[in-house]
>>> print(open('data_35.csv').read())   # CSV, C-alpha atoms
chain,number,residue,atom,x,y,z
I,1,MET,CA,0.0,0.0,0.0
I,2,THR,CA,1.3,3.4,-0.9
I,3,ALA,CA,2.3,5.6,2.0
I,4,VAL,CA,0.5,9.0,2.5
I,5,VAL,CA,2.3,12.3,2.8
I,6,LYS,CA,1.0,14.4,5.7
I,7,ASP,CA,1.7,18.0,6.7
I,8,PHE,CA,3.1,18.8,10.2
I,9,VAL,CA,4.1,21.7,12.3
I,10,ILE,CA,6.7,21.3,15.0
I,11,ASP,CA,7.5,24.4,17.2
I,12,GLY,CA,5.9,26.6,14.5
I,13,ARG,CA,8.0,25.1,11.7
I,14,LYS,CA,6.1,23.4,8.8
I,15,GLY,CA,6.9,20.4,6.7
I,16,THR,CA,5.7,17.1,5.4
I,17,TYR,CA,6.2,13.5,6.5
I,18,ALA,CA,5.5,10.0,5.3
I,19,GLN,CA,6.4,6.4,6.3
I,20,LEU,CA,9.5,4.9,4.5
I,21,ASP,CA,9.3,1.4,3.1
I,22,ASN,CA,11.4,0.1,6.0
I,23,GLY,CA,8.7,1.3,8.5
I,24,LEU,CA,10.5,4.4,9.8
I,25,PHE,CA,9.0,7.8,9.4
I,26,LYS,CA,10.7,10.7,7.6
I,27,PHE,CA,10.0,14.3,8.4
I,28,VAL,CA,11.1,17.0,5.9
I,29,PHE,CA,11.0,20.6,7.2
I,30,ASP,CA,10.4,23.3,4.6
I,31,ASP,CA,13.9,24.7,5.4
I,32,GLY,CA,15.4,21.3,4.5
I,33,GLU,CA,16.0,19.8,7.9
I,34,VAL,CA,15.3,16.1,7.9
I,35,ARG,CA,14.4,13.8,10.8
I,36,ILE,CA,14.1,10.0,10.4
I,37,ALA,CA,12.3,8.5,13.4
I,38,ARG,CA,10.5,5.5,14.9
I,39,LYS,CA,7.0,5.8,16.1
I,40,ASN,CA,6.5,5.2,19.8
I,41,THR,CA,3.5,3.5,21.4
I,42,GLU,CA,0.6,5.8,22.1
I,43,THR,CA,0.7,7.8,25.3
I,44,VAL,CA,-2.7,9.2,26.3
I,45,PRO,CA,-2.5,13.0,26.8
I,46,VAL,CA,-3.6,14.4,30.1
I,47,LYS,CA,-6.5,16.8,29.8
I,48,GLU,CA,-6.5,20.1,31.6
I,49,LYS,CA,-9.0,20.6,34.4
I,50,GLN,CA,-11.4,23.5,33.6
D,1,MET,CA,36.2,-5.0,20.8
D,2,GLY,CA,38.5,-2.6,22.5
D,3,SER,CA,37.4,0.7,21.2
D,4,GLY,CA,34.7,1.3,23.7
D,5,TYR,CA,31.5,2.9,22.6
D,6,GLY,CA,29.0,5.7,22.8
D,7,ALA,CA,31.0,8.8,23.6
D,8,THR,CA,30.1,11.4,21.1
D,9,SER,CA,33.4,13.2,21.6
D,10,ARG,CA,35.1,10.2,20.0
D,11,LEU,CA,33.1,10.5,16.9
D,12,ALA,CA,35.0,13.1,15.0
D,13,LEU,CA,36.2,10.5,12.5
D,14,ALA,CA,38.2,12.3,9.9
D,15,ALA,CA,40.4,11.4,7.0
D,16,PRO,CA,44.0,13.0,7.3
D,17,SER,CA,43.5,15.1,4.2
D,18,HIS,CA,40.4,16.8,5.6
D,19,ARG,CA,40.5,20.4,6.4
D,20,CYS,CA,39.8,19.8,10.1
D,21,SER,CA,42.9,20.6,12.1
D,22,ILE,CA,43.3,17.2,13.7
D,23,THR,CA,46.6,16.1,15.2
D,24,ALA,CA,48.4,12.9,14.2
D,25,GLU,CA,47.6,11.4,17.6
D,26,VAL,CA,43.9,12.1,17.2
D,27,TYR,CA,43.9,10.7,13.7
D,28,GLN,CA,45.6,7.5,14.9
D,29,LYS,CA,42.9,7.2,17.5
D,30,THR,CA,40.1,7.8,15.1
D,31,GLN,CA,41.6,5.6,12.5
D,32,SER,CA,41.8,2.9,15.2
D,33,ASP,CA,38.2,3.4,16.0
D,34,TYR,CA,37.3,3.1,12.3
D,35,GLU,CA,39.3,-0.2,12.1
D,36,ALA,CA,37.5,-1.5,15.2
D,37,MET,CA,34.2,-0.6,13.6
D,38,ALA,CA,35.1,-2.3,10.4
D,39,GLN,CA,35.9,-5.3,12.4
D,40,ALA,CA,32.6,-5.1,14.2
D,41,LEU,CA,30.9,-5.0,10.8
D,42,ALA,CA,32.8,-8.1,9.6
D,43,THR,CA,31.9,-9.9,12.9
D,44,ALA,CA,28.3,-8.9,12.5
D,45,GLN,CA,28.3,-10.2,9.0
D,46,ASP,CA,30.1,-13.5,9.8
D,47,GLY,CA,29.0,-14.2,13.3
D,48,GLU,CA,26.8,-17.1,14.1
D,49,GLY,CA,23.1,-16.1,13.9
D,50,ALA,CA,23.9,-12.8,12.5
D,51,GLY,CA,21.9,-13.5,9.3
D,52,HIS,CA,22.1,-11.5,6.2
D,53,PRO,CA,23.2,-8.0,7.1
D,54,PHE,CA,21.5,-6.2,4.2
D,55,HIS,CA,18.3,-8.2,3.6
D,56,GLY,CA,15.3,-8.9,5.7
D,57,ASN,CA,14.4,-7.5,9.1
D,58,GLN,CA,12.1,-5.0,7.4
D,59,HIS,CA,9.2,-3.1,8.8
D,60,THR,CA,10.5,-3.1,12.3
D,61,GLY,CA,10.5,0.7,12.4
D,62,GLY,CA,7.2,0.5,14.3
D,63,THR,CA,6.7,-0.5,17.8
D,64,GLY,CA,6.7,-4.3,17.5
D,65,ARG,CA,9.3,-5.1,20.1
D,66,ALA,CA,8.9,-8.8,20.5
D,67,GLU,CA,8.9,-9.2,16.8
D,68,HIS,CA,12.1,-7.2,16.6
D,69,ALA,CA,13.8,-9.4,19.2
D,70,GLU,CA,13.1,-12.4,17.1
D,71,GLN,CA,14.1,-10.8,13.8
D,72,VAL,CA,17.4,-9.4,14.8
D,73,PRO,CA,19.5,-12.2,16.3
D,74,GLY,CA,23.2,-11.3,16.4
D,75,MET,CA,22.2,-7.6,16.7
D,76,SER,CA,21.7,-7.9,20.4
D,77,ASN,CA,23.3,-9.0,23.6
D,78,ALA,CA,21.6,-12.4,24.1
D,79,SER,CA,22.6,-12.5,27.8
D,80,ILE,CA,20.1,-9.8,28.6
D,81,ASP,CA,16.5,-10.8,28.8
D,82,ILE,CA,15.3,-7.6,27.2
D,83,GLU,CA,11.7,-8.8,26.8
D,84,LYS,CA,11.4,-8.8,30.6
D,85,PHE,CA,12.1,-5.1,30.6
D,86,TRP,CA,9.9,-4.4,27.6
D,87,GLU,CA,7.0,-6.3,29.2
D,88,LYS,CA,7.4,-4.4,32.5
D,89,GLU,CA,7.5,-1.0,30.7
D,90,ASP,CA,4.6,-1.9,28.5
D,91,ALA,CA,2.5,-2.9,31.5
D,92,ALA,CA,3.5,0.3,33.4
D,93,HIS,CA,2.8,2.4,30.3
D,94,GLU,CA,-0.7,0.8,29.9
D,95,ALA,CA,-1.4,1.3,33.6
D,96,ARG,CA,-0.4,4.9,33.2
D,97,ASN,CA,-2.6,5.4,30.2
D,98,GLU,CA,-5.5,3.8,32.0
D,99,ALA,CA,-5.0,6.1,35.0
D,100,VAL,CA,-4.9,9.1,32.7
D,101,ARG,CA,-8.1,8.0,31.0
D,102,GLU,CA,-9.8,7.8,34.4
D,103,TYR,CA,-8.4,11.2,35.4
D,104,ASN,CA,-9.7,12.7,32.2
D,105,LYS,CA,-13.1,11.3,32.9
D,106,ALA,CA,-13.0,12.4,36.5
D,107,ILE,CA,-12.3,16.0,35.7
D,108,THR,CA,-15.2,16.1,33.4
D,109,GLY,CA,-17.4,14.3,35.9
D,110,LYS,CA,-18.0,11.3,33.7
D,111,GLY,CA,-18.3,8.1,35.6
D,112,TRP,CA,-17.3,9.6,38.9
D,113,ALA,CA,-19.9,10.1,41.6
D,114,LYS,CA,-18.4,12.9,43.6
D,115,LYS,CA,-16.8,16.2,42.5
D,116,GLU,CA,-13.8,15.7,44.8
D,117,ASP,CA,-13.1,12.3,43.3
D,118,TRP,CA,-10.9,13.9,40.6
D,119,LYS,CA,-8.3,14.4,43.3
D,120,VAL,CA,-8.2,10.7,44.0
D,121,ALA,CA,-7.9,10.0,40.2
D,122,GLN,CA,-5.1,12.6,40.0
D,123,ALA,CA,-3.1,10.9,42.8
D,124,GLU,CA,-3.5,7.5,41.1
D,125,MET,CA,-2.4,9.1,37.8
D,126,GLU,CA,0.7,10.6,39.4
D,127,LYS,CA,1.6,7.4,41.0
D,128,ALA,CA,1.2,5.5,37.7
D,129,GLU,CA,3.1,8.1,35.9
D,130,GLN,CA,6.1,7.8,38.3
D,131,ALA,CA,6.0,3.9,38.0
D,132,TRP,CA,6.1,4.2,34.2
D,133,LYS,CA,9.0,6.7,34.4
D,134,ASP,CA,10.9,4.3,36.6
D,135,ALA,CA,10.2,1.3,34.4
D,136,LYS,CA,11.1,3.3,31.3
D,137,LYS,CA,14.4,4.4,32.8
D,138,GLU,CA,15.2,0.8,33.8
D,139,MET,CA,14.3,-0.4,30.3
D,140,LYS,CA,16.4,2.2,28.5
D,141,GLN,CA,19.5,1.3,30.6
D,142,ALA,CA,18.9,-2.4,29.7
D,143,GLU,CA,18.4,-1.5,26.0
D,144,LEU,CA,21.7,0.3,25.8
D,145,LYS,CA,23.5,-2.9,27.0
D,146,TRP,CA,21.4,-5.2,24.9
D,147,LEU,CA,21.7,-3.0,21.7
D,148,LYS,CA,25.5,-2.5,21.9
D,149,PRO,CA,26.3,-5.0,19.2
D,150,GLY,CA,23.5,-3.6,17.0
D,151,MET,CA,24.7,0.0,17.5
D,152,GLU,CA,28.2,-1.0,16.7
D,153,HIS,CA,26.9,-2.7,13.5
D,154,ALA,CA,24.9,0.4,12.5
D,155,LYS,CA,27.8,2.7,13.1
D,156,ALA,CA,30.2,0.5,11.2
D,157,VAL,CA,27.8,0.3,8.3
D,158,CYS,CA,27.3,4.1,8.2
D,159,ILE,CA,31.1,4.8,8.3
D,160,GLU,CA,31.7,2.1,5.6
D,161,GLU,CA,29.1,3.6,3.3
D,162,ALA,CA,30.2,7.2,3.9
D,163,LYS,CA,33.8,6.2,3.0
D,164,ARG,CA,32.6,4.2,0.0
D,165,GLN,CA,30.9,7.3,-1.3
D,166,ASP,CA,33.8,9.6,-0.3
D,167,PHE,CA,31.6,11.5,2.0
D,168,PRO,CA,33.8,13.2,4.7
D,169,VAL,CA,33.3,11.1,7.7
D,170,ASP,CA,33.6,14.0,10.1
D,171,LYS,CA,30.3,15.1,8.7
D,172,LEU,CA,28.8,12.0,10.3
D,173,LYS,CA,27.8,12.4,14.0
D,174,PHE,CA,27.0,9.5,16.1
D,175,THR,CA,25.2,9.4,19.4
D,176,THR,CA,23.6,6.9,21.7
D,177,SER,CA,21.3,9.6,23.2
D,178,GLU,CA,17.7,9.7,22.3
D,179,LYS,CA,15.5,12.5,21.0
D,180,GLU,CA,11.8,12.4,21.1
D,181,PHE,CA,9.3,14.8,19.5
D,182,ASN,CA,5.5,14.9,19.0
D,183,VAL,CA,3.5,15.2,15.9
D,184,GLY,CA,-0.3,15.0,15.6
D,185,GLY,CA,-0.6,13.5,19.1
D,186,ASN,CA,2.0,10.8,18.3
D,187,SER,CA,5.4,10.4,19.8
D,188,PHE,CA,8.5,9.7,17.7
D,189,SER,CA,12.1,8.8,18.5
D,190,GLU,CA,14.7,10.1,16.1
D,191,ALA,CA,17.0,7.6,14.3
D,192,GLY,CA,18.7,10.0,11.9
D,193,HIS,CA,19.0,13.7,11.2
D,194,PHE,CA,20.2,15.8,8.3
D,195,ASP,CA,21.2,19.5,8.6
D,196,PRO,CA,21.0,21.2,5.2
D,197,VAL,CA,23.2,24.1,6.3
D,198,THR,CA,26.2,22.2,7.7
D,199,LYS,CA,25.4,19.1,5.5
D,200,GLU,CA,26.0,17.0,8.6
D,201,ILE,CA,24.2,13.7,9.2
D,202,THR,CA,23.5,12.7,12.8
D,203,CYS,CA,23.0,9.0,13.4
D,204,ARG,CA,21.1,8.1,16.5
D,205,LEU,CA,22.4,4.6,16.9
D,206,LYS,CA,19.9,3.4,19.4
D,207,GLY,CA,17.0,4.3,17.1
D,208,MET,CA,18.8,2.7,14.1
D,209,ALA,CA,19.6,-0.5,16.0
D,210,LEU,CA,16.0,-0.7,17.3
D,211,SER,CA,14.6,-0.4,13.9
D,212,SER,CA,16.2,-3.1,11.7
D,213,LYS,CA,19.5,-4.4,10.7
D,214,THR,CA,19.4,-2.5,7.4
D,215,ALA,CA,18.2,0.8,8.9
D,216,GLY,CA,21.7,2.3,9.2
D,217,LEU,CA,22.6,1.6,5.6
D,218,GLU,CA,19.2,2.7,4.3
D,219,THR,CA,19.2,5.9,6.3
D,220,ILE,CA,22.7,6.9,5.6
D,221,SER,CA,22.5,6.2,1.8
D,222,HIS,CA,19.1,7.8,1.5
D,223,GLU,CA,20.5,11.0,3.2
D,224,LEU,CA,23.7,10.9,1.1
D,225,GLY,CA,21.3,10.9,-1.9
D,226,HIS,CA,19.9,14.2,-0.6
D,227,VAL,CA,23.3,15.6,-0.1
D,228,ALA,CA,24.2,14.7,-3.7
D,229,PHE,CA,20.9,16.4,-4.8
D,230,HIS,CA,21.6,19.6,-2.9
D,231,VAL,CA,25.2,19.8,-4.0
D,232,ALA,CA,24.3,19.3,-7.6
D,233,GLU,CA,21.6,21.9,-7.3
D,234,ASP,CA,24.1,24.3,-5.7
D,235,THR,CA,26.3,23.7,-8.7
D,236,VAL,CA,23.9,24.4,-11.5
D,237,GLY,CA,21.3,26.5,-9.7
D,238,ARG,CA,17.9,25.7,-8.3
D,239,GLY,CA,15.4,24.5,-10.9
D,240,LYS,CA,18.1,23.7,-13.4
D,241,LEU,CA,18.7,20.1,-12.7
D,242,TRP,CA,16.0,19.1,-15.2
D,243,SER,CA,13.8,20.6,-17.8
D,244,ILE,CA,10.0,21.0,-17.7
D,245,ALA,CA,9.8,18.3,-20.5
D,246,ARG,CA,11.8,16.0,-18.3
D,247,GLU,CA,9.8,16.8,-15.3
D,248,LYS,CA,6.6,15.6,-17.1
D,249,GLU,CA,8.3,12.3,-17.8
D,250,LEU,CA,9.5,12.0,-14.2
D,251,ALA,CA,6.0,12.8,-12.9
D,252,GLU,CA,4.5,10.2,-15.2
D,253,ALA,CA,7.0,7.6,-14.1
D,254,GLY,CA,6.2,8.4,-10.5
D,255,GLY,CA,8.3,7.1,-7.5
D,256,VAL,CA,10.4,4.0,-7.2
D,257,SER,CA,9.2,3.0,-3.7
D,258,ASP,CA,6.0,3.3,-1.8
D,259,TYR,CA,7.6,6.2,0.1
D,260,SER,CA,8.6,8.2,-3.0
D,261,LYS,CA,5.3,7.4,-4.7
D,262,SER,CA,3.6,9.0,-1.8
D,263,TYR,CA,5.4,12.3,-2.6
D,264,TRP,CA,4.3,12.1,-6.3
D,265,SER,CA,0.8,11.5,-5.0
D,266,LYS,CA,1.1,14.6,-2.8
D,267,ALA,CA,2.3,16.6,-5.7
D,268,GLY,CA,-1.1,16.2,-7.3
D,269,ALA,CA,-0.7,13.5,-9.9
D,270,GLY,CA,2.5,15.2,-11.0
D,271,VAL,CA,1.7,16.4,-14.5
D,272,HIS,CA,-0.8,18.9,-13.1
D,273,CYS,CA,1.8,20.6,-10.9
D,274,ILE,CA,4.8,21.0,-13.2
D,275,GLY,CA,7.4,23.4,-11.7
D,276,SER,CA,5.9,23.2,-8.2
D,277,GLY,CA,7.8,22.9,-5.0
D,278,TYR,CA,6.1,19.6,-4.4
D,279,ASN,CA,7.5,18.3,-7.6
D,280,ARG,CA,11.1,19.3,-6.6
D,281,LEU,CA,10.5,17.6,-3.3
D,282,ALA,CA,9.2,14.5,-5.0
D,283,VAL,CA,12.3,14.4,-7.4
D,284,ASN,CA,14.6,14.9,-4.4
D,285,GLU,CA,12.9,12.0,-2.4
D,286,THR,CA,12.9,9.7,-5.5
D,287,ILE,CA,16.6,10.3,-6.1
D,288,ALA,CA,17.4,9.5,-2.5
D,289,GLU,CA,15.4,6.3,-2.7
D,290,ILE,CA,17.3,5.3,-5.9
D,291,HIS,CA,20.5,6.1,-4.1
D,292,SER,CA,19.5,3.9,-1.2
D,293,LYS,CA,18.4,1.1,-3.4
D,294,ALA,CA,21.7,1.1,-5.2
D,295,ALA,CA,23.6,1.2,-1.9
D,296,VAL,CA,21.7,-1.7,-0.4
D,297,GLU,CA,22.1,-3.7,-3.6
D,298,HIS,CA,25.8,-2.9,-3.7
D,299,ALA,CA,26.2,-4.2,-0.1
D,300,ALA,CA,24.0,-7.3,-0.7
D,301,ALA,CA,25.9,-8.3,-3.9
D,302,LYS,CA,29.2,-7.8,-2.2
D,303,TYR,CA,28.1,-10.0,0.7
D,304,GLU,CA,26.7,-12.7,-1.5
D,305,GLY,CA,29.6,-12.6,-3.9
D,306,ARG,CA,27.5,-12.0,-7.0
D,307,PRO,CA,27.4,-9.2,-9.6
D,308,GLU,CA,25.3,-6.2,-8.7
D,309,LYS,CA,21.9,-5.8,-10.3
D,310,THR,CA,21.5,-2.8,-12.6
D,311,LEU,CA,19.1,0.0,-11.7
D,312,LYS,CA,16.7,-1.4,-14.4
D,313,GLU,CA,16.8,-4.8,-12.7
D,314,LEU,CA,16.0,-3.0,-9.4
D,315,GLY,CA,12.9,-1.7,-11.1
D,316,VAL,CA,14.1,1.9,-11.7
D,317,PRO,CA,12.4,3.3,-14.8
D,318,GLU,CA,14.8,4.5,-17.6
D,319,VAL,CA,13.9,8.1,-17.2
D,320,TRP,CA,14.8,8.0,-13.6
D,321,LYS,CA,18.0,6.2,-14.3
D,322,THR,CA,19.0,9.0,-16.7
D,323,GLN,CA,18.0,11.7,-14.2
D,324,TYR,CA,19.8,10.0,-11.4
D,325,ASN,CA,23.0,9.7,-13.5
D,326,ASP,CA,22.8,13.4,-14.4
D,327,ILE,CA,22.6,14.5,-10.8
D,328,MET,CA,25.3,12.1,-9.6
D,329,GLY,CA,27.5,13.3,-12.4
D,330,ILE,CA,27.1,16.9,-11.4
D,331,SER,CA,27.3,16.4,-7.7
D,332,LYS,CA,30.5,17.0,-5.7
D,333,TRP,CA,30.8,16.9,-1.9
D,334,PRO,CA,30.7,20.3,-0.3
D,335,THR,CA,34.0,20.4,1.5
D,336,GLY,CA,36.2,21.0,-1.5
D,337,ALA,CA,38.7,18.6,0.0
D,338,HIS,CA,36.8,15.8,-1.5
D,339,ASP,CA,36.0,16.4,-5.1
D,340,SER,CA,35.6,12.8,-6.1
D,341,ARG,CA,32.3,12.3,-8.0
D,342,LEU,CA,29.8,9.7,-6.8
D,343,SER,CA,30.4,6.5,-8.8
D,344,VAL,CA,27.5,4.4,-7.5
D,345,THR,CA,25.6,4.4,-10.8
D,346,GLU,CA,28.7,3.4,-12.7
D,347,GLU,CA,29.4,0.5,-10.4
D,348,VAL,CA,25.8,-0.6,-10.5
D,349,ASP,CA,25.5,-0.5,-14.2
D,350,ALA,CA,29.0,-1.9,-15.0
>>> encode(input="data_35.csv", output="C-alpha cells")
Amino acid sequence: MTAVVKDFVIDGRKGTYAQLDNGLFKFVFDDGEVRIARKNTETVPVKEKQ
Amino acid sequence: MGSGYGATSRLALAAPSHRCSITAEVYQKTQSDYEAMAQALATAQDGEGAGHPFHGNQHTGGTGRAEHAEQVPGMSNASIDIEKFWEKEDAAHEARNEAVREYNKAITGKGWAKKEDWKVAQAEMEKAEQAWKDAKKEMKQAELKWLKPGMEHAKAVCIEEAKRQDFPVDKLKFTTSEKEFNVGGNSFSEAGHFDPVTKEITCRLKGMALSSKTAGLETISHELGHVAFHVAEDTVGRGKLWSIAREKELAEAGGVSDYSKSYWSKAGAGVHCIGSGYNRLAVNETIAEIHSKAAVEHAAAKYEGRPEKTLKELGVPEVWKTQYNDIMGISKWPTGAHDSRLSVTEEVDA
C-alpha cells in the first residue's frame, strides 16, 4: 500500500512527513532539515482541568 | 572490541586530508576506531546467527518489540532478557494510560460520583506516571547494553558507506542519546537527522539499532542521496537540474518505492503541478530512494559474492536512471577537500 504524505508543524515550523518502506517515518521541514524517526507506542494525553 | 562505545566526543572520525585541524595522535585514535568498527561490521556479517546483514528485518520501524527481538539475532546481547524489561515497561505504560483516562473522565465528571473524586484520580495518575518513568528508565538502561552490538553494527555500516561514497566522515555524527518529538498526538524517536546548512548527518544509533539491521545503511545512503541532490543543485542552480519536459516524464514515471510514490501523489498527480515545489521535493525524495536502493544492492551483492543488479533490474524506470545519472555526475561533496564524484551508478551498471 502506498504511503501517505501528511503535513506537520513542530514548534511553528512546517513540513511534510511519510512512512518509509522500512517502517521508519521521515519528516522533511520546509527549510530542508530532515528527521528520520521511529513511532512510539501511544501515550494518552492528560486533559487540563477546567 | 576494545574501542569502547558511545561517547560522542570520540566520533570526529576524519580522514587525514580533511580540512579539520586534527593532530596525528587524534587521527591515529580515530583511525583505530574506524578499524575497530570495520571489524565489528565483519563480525556482525560473519557471526553465528547474524543472518544476512543487508536483507530482511524490514518493517520493524514501528513498535513491535517482541517481533524485533526475534528478527534481529546477532544484533543484540543475548545474555540480557530484554523482553522482561519491555513487558514491564509496556505494563507500566498501559497502567499509566488507564490512570490518565480515568483522570480525564473524573475532571469532566463522567463516571465519577463525587466532584472531589478527581483528586483521587489525580493521585492515582501521578503514582502510575512515576511507576512508568521508573520502568522506562530501567528499560532504557537495559536496552543500551542489549543493543550495543546492534549499535556498533549500525555505526560501522554508516562509516563504511560514507567512506565508499567519499563523504567526509567528520560530517557524520554518532550518538547513543535519544531525542523524542511529538506530531499529531503521536510520539516519535529520532534515528537520523540531516542538517541542510552544515550538511551533517547525525546517526542516533539506538534508534537505528532498534529499527532493523538495514536501517543504518538505508538511512545513511538515503540521506547521502539528498546531499548529492543539494550539492548538484548548488552547482547548477535551483530548478536547473532538469527541464520541464523531463519533469513531465518523471512525474508520469512516479516514484520508485511506496515512500517516493507518496510524494508524487502529494504533488497532485505530477503532471498537473509541473514546476511546483512539491515536484522538486518528489524528485529529491525519489533520487534519495534510488541512491538507497543502489547502496543496499551494492552491499548485498558484495556480501553474497555476486554481480550487482542494474538499476533497471532493481525496477528503476529508464527516465529516472538517466536523471539519477545526471545528478550524480554533477554532484560534488561540499568540503572542497573531497572532489571525487559519486560513482555508485557506474558501479551498479558496470
>>> closest_residue(input="data_35.csv", among="D:Ala156, D:Met151, D:Ile287, D:Cys203", to="chain I", atoms="only C-alpha atoms")
D:Cys203
>>> closest_atom_pairs(input="data_35.csv", of="chain I", to="chain D", cutoff="8 Å", atoms="all atoms listed in the file", output="CSV")
residue,atom,partner,partner_atom,distance
I:Met1,CA,D:Asp258,CA,7.1
I:Thr2,CA,D:Asp258,CA,4.8
I:Ala3,CA,D:Ser262,CA,5.3
I:Val4,CA,D:Ser262,CA,5.3
I:Val5,CA,D:Ser262,CA,5.8
I:Phe8,CA,D:Val183,CA,6.8
I:Val9,CA,D:Val183,CA,7.5
I:Ile10,CA,D:Val183,CA,6.9
I:Ala18,CA,D:Tyr259,CA,6.8
I:Gln19,CA,D:Tyr259,CA,6.3
I:Leu20,CA,D:Tyr259,CA,5.0
I:Asp21,CA,D:Tyr259,CA,5.9
I:Asn22,CA,D:His59,CA,4.8
I:Gly23,CA,D:Gly61,CA,4.3
I:Leu24,CA,D:Gly61,CA,4.5
I:Phe25,CA,D:Gly61,CA,7.9
I:Asp31,CA,D:Pro196,CA,7.9
I:Gly32,CA,D:Pro196,CA,5.6
I:Glu33,CA,D:Asp195,CA,5.3
I:Val34,CA,D:Phe194,CA,4.9
I:Arg35,CA,D:His193,CA,4.6
I:Ile36,CA,D:Gly192,CA,4.8
I:Ala37,CA,D:Glu190,CA,4.0
I:Arg38,CA,D:Ser189,CA,5.1
I:Lys39,CA,D:Phe188,CA,4.5
I:Asn40,CA,D:Ser187,CA,5.3
I:Thr41,CA,D:Thr63,CA,6.3
I:Glu42,CA,D:Asn186,CA,6.4
I:Thr43,CA,D:Asn97,CA,6.4
I:Val44,CA,D:Asn97,CA,5.4
I:Pro45,CA,D:Val100,CA,7.5
I:Val46,CA,D:Val100,CA,6.0
I:Lys47,CA,D:Asn104,CA,5.7
I:Lys49,CA,D:Ile107,CA,5.8
I:Gln50,CA,D:Ile107,CA,7.8
>>> atom_distance(input="data_35.csv", atom1="CA of Ala228 (chain D)", atom2="CA of Ala288 (chain D)")
8.6 Å
>>> residues_around(input="data_35.csv", residues="region 308-311 of chain D", least_positions_apart="2", cutoff="7 Å", atoms="all atoms listed in the file", output="list in words")
Glu297, His298, Ala301, Arg306, Glu313, Leu314, Gly315, Val316, Lys321, Val348 and Asp349 of chain D
>>> residues_around(input="data_35.csv", residues="Arg246 (chain D)", least_positions_apart="5", cutoff="9 Å", atoms="all atoms listed in the file", output="VMD selection string")
chain D and resid 251 319 323
>>> residues_around(input="data_35.csv", residues="Lys88 (chain D)", least_positions_apart="4", cutoff="7 Å", atoms="only C-alpha atoms", output="ChimeraX atom specification")
/D:84,92,135
>>> atom_distance(input="data_35.csv", atom1="CA of Thr176 (chain D)", atom2="CA of Lys163 (chain D)")
21.3 Å
>>> atom_distance(input="data_35.csv", atom1="CA of Thr175 (chain D)", atom2="CA of Ala232 (chain D)")
28.8 Å
